[in-house]
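Shown here: input04.pdb, PDB, C-alpha atoms.
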```pdb
ATOM      1  CA  VAL A   1      50.490  30.914 154.121  1.00  0.00           C
ATOM      2  CA  GLN A   2      47.996  33.235 152.476  1.00  0.00           C
ATOM      3  CA  LEU A   3      44.271  32.675 152.392  1.00  0.00           C
ATOM      4  CA  GLN A   4      41.765  34.313 150.070  1.00  0.00           C
ATOM      5  CA  ALA A   5      38.073  33.956 150.829  1.00  0.00           C
ATOM      6  CA  SER A   6      35.451  34.617 148.190  1.00  0.00           C
ATOM      7  CA  GLY A   7      31.885  33.795 147.232  1.00  0.00           C
ATOM      8  CA  GLY A   8      29.956  35.994 149.619  1.00  0.00           C
ATOM      9  CA  GLY A   9      26.998  38.053 148.549  1.00  0.00           C
ATOM     10  CA  LEU A  10      23.311  38.722 149.051  1.00  0.00           C
ATOM     11  CA  VAL A  11      20.980  35.736 149.224  1.00  0.00           C
ATOM     12  CA  GLN A  12      17.367  35.284 150.246  1.00  0.00           C
ATOM     13  CA  ALA A  13      16.442  33.287 153.306  1.00  0.00           C
ATOM     14  CA  GLY A  14      16.151  29.626 152.403  1.00  0.00           C
ATOM     15  CA  GLY A  15      18.633  29.978 149.569  1.00  0.00           C
ATOM     16  CA  SER A  16      22.166  28.694 149.086  1.00  0.00           C
ATOM     17  CA  LEU A  17      25.646  30.114 148.714  1.00  0.00           C
ATOM     18  CA  ARG A  18      29.092  28.573 148.390  1.00  0.00           C
ATOM     19  CA  LEU A  19      32.145  30.194 149.896  1.00  0.00           C
ATOM     20  CA  SER A  20      35.660  29.380 148.750  1.00  0.00           C
ATOM     21  CA  CYS A  21      39.012  29.767 150.481  1.00  0.00           C
ATOM     22  CA  ALA A  22      42.062  29.514 148.252  1.00  0.00           C
ATOM     23  CA  ALA A  23      45.295  28.781 150.104  1.00  0.00           C
ATOM     24  CA  SER A  24      48.847  29.400 149.019  1.00  0.00           C
ATOM     25  CA  GLY A  25      51.818  28.068 150.945  1.00  0.00           C
ATOM     26  CA  HIS A  26      52.250  24.909 152.956  1.00  0.00           C
ATOM     27  CA  ILE A  27      49.663  23.716 155.471  1.00  0.00           C
ATOM     28  CA  ALA A  28      50.672  20.523 157.230  1.00  0.00           C
ATOM     29  CA  SER A  29      48.584  17.482 156.458  1.00  0.00           C
ATOM     30  CA  ASN A  30      47.672  16.973 160.128  1.00  0.00           C
ATOM     31  CA  HIS A  31      46.487  20.546 160.567  1.00  0.00           C
ATOM     32  CA  PHE A  32      42.983  21.882 160.193  1.00  0.00           C
ATOM     33  CA  MET A  33      41.352  24.616 158.195  1.00  0.00           C
ATOM     34  CA  ALA A  34      38.213  26.335 159.378  1.00  0.00           C
ATOM     35  CA  TRP A  35      35.477  28.868 158.780  1.00  0.00           C
ATOM     36  CA  PHE A  36      34.568  31.503 161.351  1.00  0.00           C
ATOM     37  CA  ARG A  37      32.090  34.354 161.169  1.00  0.00           C
ATOM     38  CA  GLN A  38      31.640  37.701 162.832  1.00  0.00           C
ATOM     39  CA  THR A  39      28.903  40.312 163.064  1.00  0.00           C
ATOM     40  CA  PRO A  40      29.395  43.902 164.276  1.00  0.00           C
ATOM     41  CA  GLY A  41      29.728  44.154 168.029  1.00  0.00           C
ATOM     42  CA  LYS A  42      30.103  40.416 168.509  1.00  0.00           C
ATOM     43  CA  GLU A  43      33.101  38.164 168.855  1.00  0.00           C
ATOM     44  CA  ARG A  44      34.218  36.003 165.993  1.00  0.00           C
ATOM     45  CA  GLU A  45      32.569  32.585 166.251  1.00  0.00           C
ATOM     46  CA  PHE A  46      33.543  29.172 164.991  1.00  0.00           C
ATOM     47  CA  VAL A  47      31.465  27.701 162.170  1.00  0.00           C
ATOM     48  CA  ALA A  48      33.201  24.510 161.032  1.00  0.00           C
ATOM     49  CA  HIS A  49      36.587  22.910 160.558  1.00  0.00           C
ATOM     50  CA  ILE A  50      38.069  20.204 158.388  1.00  0.00           C
ATOM     51  CA  SER A  51      41.306  18.263 158.401  1.00  0.00           C
ATOM     52  CA  ARG A  52      43.605  18.711 155.439  1.00  0.00           C
ATOM     53  CA  ASN A  53      42.801  15.215 154.196  1.00  0.00           C
ATOM     54  CA  GLY A  54      39.089  15.898 154.566  1.00  0.00           C
ATOM     55  CA  GLY A  55      38.589  12.943 156.881  1.00  0.00           C
ATOM     56  CA  THR A  56      37.571  14.892 159.959  1.00  0.00           C
ATOM     57  CA  VAL A  57      34.927  17.579 160.031  1.00  0.00           C
ATOM     58  CA  PHE A  58      33.149  19.346 162.865  1.00  0.00           C
ATOM     59  CA  TYR A  59      30.331  21.872 162.841  1.00  0.00           C
ATOM     60  CA  ALA A  60      28.951  24.411 165.238  1.00  0.00           C
ATOM     61  CA  GLU A  61      25.520  23.343 166.399  1.00  0.00           C
ATOM     62  CA  PHE A  62      23.778  26.261 164.703  1.00  0.00           C
ATOM     63  CA  VAL A  63      24.876  25.148 161.204  1.00  0.00           C
ATOM     64  CA  LYS A  64      24.574  21.388 161.530  1.00  0.00           C
ATOM     65  CA  GLY A  65      22.477  19.927 158.758  1.00  0.00           C
ATOM     66  CA  ARG A  66      22.569  23.154 156.753  1.00  0.00           C
ATOM     67  CA  PHE A  67      26.228  23.872 155.971  1.00  0.00           C
ATOM     68  CA  ARG A  68      28.833  21.519 154.573  1.00  0.00           C
ATOM     69  CA  ILE A  69      32.587  22.043 154.694  1.00  0.00           C
ATOM     70  CA  SER A  70      34.834  20.384 152.146  1.00  0.00           C
ATOM     71  CA  ILE A  71      38.350  20.590 150.772  1.00  0.00           C
ATOM     72  CA  ASP A  72      39.908  20.026 147.355  1.00  0.00           C
ATOM     73  CA  ASN A  73      43.627  19.555 147.849  1.00  0.00           C
ATOM     74  CA  SER A  74      44.264  19.456 144.107  1.00  0.00           C
ATOM     75  CA  LYS A  75      43.133  23.090 144.053  1.00  0.00           C
ATOM     76  CA  ASN A  76      44.361  24.018 147.551  1.00  0.00           C
ATOM     77  CA  THR A  77      40.856  25.273 148.213  1.00  0.00           C
ATOM     78  CA  MET A  78      38.395  24.841 151.057  1.00  0.00           C
ATOM     79  CA  TYR A  79      34.667  25.373 150.610  1.00  0.00           C
ATOM     80  CA  LEU A  80      31.629  26.092 152.718  1.00  0.00           C
ATOM     81  CA  GLN A  81      28.351  25.138 151.116  1.00  0.00           C
ATOM     82  CA  MET A  82      25.637  27.099 152.861  1.00  0.00           C
ATOM     83  CA  ASN A  83      22.082  25.799 152.411  1.00  0.00           C
ATOM     84  CA  SER A  84      18.787  26.861 153.965  1.00  0.00           C
ATOM     85  CA  VAL A  85      20.387  30.106 155.036  1.00  0.00           C
ATOM     86  CA  LYS A  86      18.714  32.300 157.640  1.00  0.00           C
ATOM     87  CA  PRO A  87      18.936  36.041 158.351  1.00  0.00           C
ATOM     88  CA  GLY A  88      20.963  35.092 161.440  1.00  0.00           C
ATOM     89  CA  ASP A  89      23.681  33.757 159.128  1.00  0.00           C
ATOM     90  CA  THR A  90      24.426  37.300 158.003  1.00  0.00           C
ATOM     91  CA  ALA A  91      28.060  37.960 158.883  1.00  0.00           C
ATOM     92  CA  VAL A  92      31.544  38.371 157.520  1.00  0.00           C
ATOM     93  CA  TYR A  93      32.908  34.890 156.992  1.00  0.00           C
ATOM     94  CA  TYR A  94      36.606  34.236 157.497  1.00  0.00           C
ATOM     95  CA  CYS A  95      38.678  31.230 156.603  1.00  0.00           C
ATOM     96  CA  ALA A  96      41.603  30.207 158.765  1.00  0.00           C
ATOM     97  CA  ALA A  97      44.384  27.643 158.821  1.00  0.00           C
ATOM     98  CA  MET A  98      46.433  26.154 161.618  1.00  0.00           C
ATOM     99  CA  GLY A  99      50.111  26.873 161.930  1.00  0.00           C
ATOM    100  CA  GLY A 100      52.968  25.249 163.819  1.00  0.00           C
ATOM    101  CA  SER A 101      51.421  26.102 167.180  1.00  0.00           C
ATOM    102  CA  ARG A 102      48.279  24.182 166.141  1.00  0.00           C
ATOM    103  CA  SER A 103      46.242  27.298 166.629  1.00  0.00           C
ATOM    104  CA  TYR A 104      44.598  29.277 163.832  1.00  0.00           C
ATOM    105  CA  GLU A 105      47.491  31.482 162.832  1.00  0.00           C
ATOM    106  CA  TYR A 106      46.547  32.288 159.260  1.00  0.00           C
ATOM    107  CA  TRP A 107      43.439  34.246 158.306  1.00  0.00           C
ATOM    108  CA  GLY A 108      41.840  35.423 155.113  1.00  0.00           C
ATOM    109  CA  HIS A 109      40.313  38.903 154.802  1.00  0.00           C
ATOM    110  CA  GLY A 110      36.741  37.723 155.005  1.00  0.00           C
ATOM    111  CA  THR A 111      33.774  37.739 152.694  1.00  0.00           C
ATOM    112  CA  GLN A 112      30.413  39.336 153.484  1.00  0.00           C
ATOM    113  CA  VAL A 113      27.304  37.169 153.482  1.00  0.00           C
ATOM    114  CA  THR A 114      23.966  38.937 153.774  1.00  0.00           C
ATOM    115  CA  VAL A 115      20.743  36.970 154.067  1.00  0.00           C
ATOM    116  CA  SER A 116      17.528  38.869 153.403  1.00  0.00           C
ATOM    117  CA  SER A 117      14.229  37.822 154.941  1.00  0.00           C
TER     118      SER A 117
END
```
This entry written out as structure tokens:
Amino acid sequence: VQLQASGGGLVQAGGSLRLSCAASGHIASNHFMAWFRQTPGKEREFVAHISRNGGTVFYAEFVKGRFRISIDNSKNTMYLQMNSVKPGDTAVYYCAAMGGSRSYEYWGHGTQVTVSS
């Protein structure tokens, strides 16, 4: 499985951005895909995950009500719609997919999101 994240960039606080994660290869229907983020000197943190059929989603508390995760299986692509962004959302955002061990085995290279105040 290969994952390619895109859509990052510079956005003003209060604005919106949509990240995409294009997947190639097979991801089991009962496995999850997710977004994580990382800033320099800090550990990578979970942002949100979604089941392959889109029926189950879960968000970290700090993005609830602002970000929305979705998936388009016809395009093998996962999205993260980021609204009302804050400077604290500045990070490299990574997409990930579960493998046979049901842990996040597959990772994209990340896309930089910078929120200016």
Quiz item: Applied to this file, what does the PyMOL selection byres ((chain A and resi 36) around 10) return in terms of residues, put as a ChimeraX atom specification?
Solution: /A:34-35,37-38,44-49,60,91-96,107,110
Quiz prompt | Answer key for the PyMOL selection byres ((chain A and resi 19) around 10), residues as an MDAnalysis selection string | solution = chainID A and resid 5:9 17:18 20:21 35 69 78:82 93:95 111:113
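Across the model, the gap from atom CA of A:Gln12 to atom CA of A:Thr114 is 8.3 Å.
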If you take every atom of stretch 43-61 of chain A that the file lists and fit an axis-aligned box around them with 3 Å extra on each side, what centre and edge lengths come out in Å to one decimal, as AutoDock Vina command-line options?
```
--center_x 34.6 --center_y 25.6 --center_z 161.5 --size_x 24.1 --size_y 31.2 --size_z 20.7
```
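Closest approach to A:Ile27 among A:Lys64, A:Arg52, A:His109, A:Lys75 is made by A:Arg52 (distances from all atoms listed in the file).
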Exercise. Compare A:Ala22, A:Gly100, A:Ala13, A:Arg68 by their minimum atom-to-atom distance to A:Pro87, counting all atoms listed in the file, and give me the closest one.
Key: A:Ala13
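Across the model, the gap from atom CA of A:Gly108 to atom CA of A:Lys86 is 23.5 Å.
The space separating atom CA of A:Thr77 from atom CA of A:Ser51 comes to 12.4 Å.
Among the candidate residues A:Met98, A:Val63, A:Ile50, A:Val11, the one lying nearest to A:His26 is A:Met98, with distances computed using only C-alpha atoms.
Of the residues listed (A:Ala97, A:Val115, A:Phe62, A:Ser84), A:Ser84 shows the shortest atom-to-atom separation from A:Gly15; distances use only C-alpha atoms.
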Quiz item: Of the candidates A:Ala23, A:Leu3, A:Val85, A:Met33, which shows the shortest atom-to-atom distance to A:Ser103, using all atoms listed in the file?
Solution: A:Met33
Quiz item: Just so the selection is clear, what residues does the PyMOL selection byres ((chain A and resi 1) around 6) cover here, as JSON, numbers by chain?
Solution: {"A": [2, 24, 25]}
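Remark: for A:His31, the closest of the candidate residues A:Tyr104, A:Ser117, A:Asp89, A:Ile71 is A:Tyr104 (distances computed over all atoms listed in the file).
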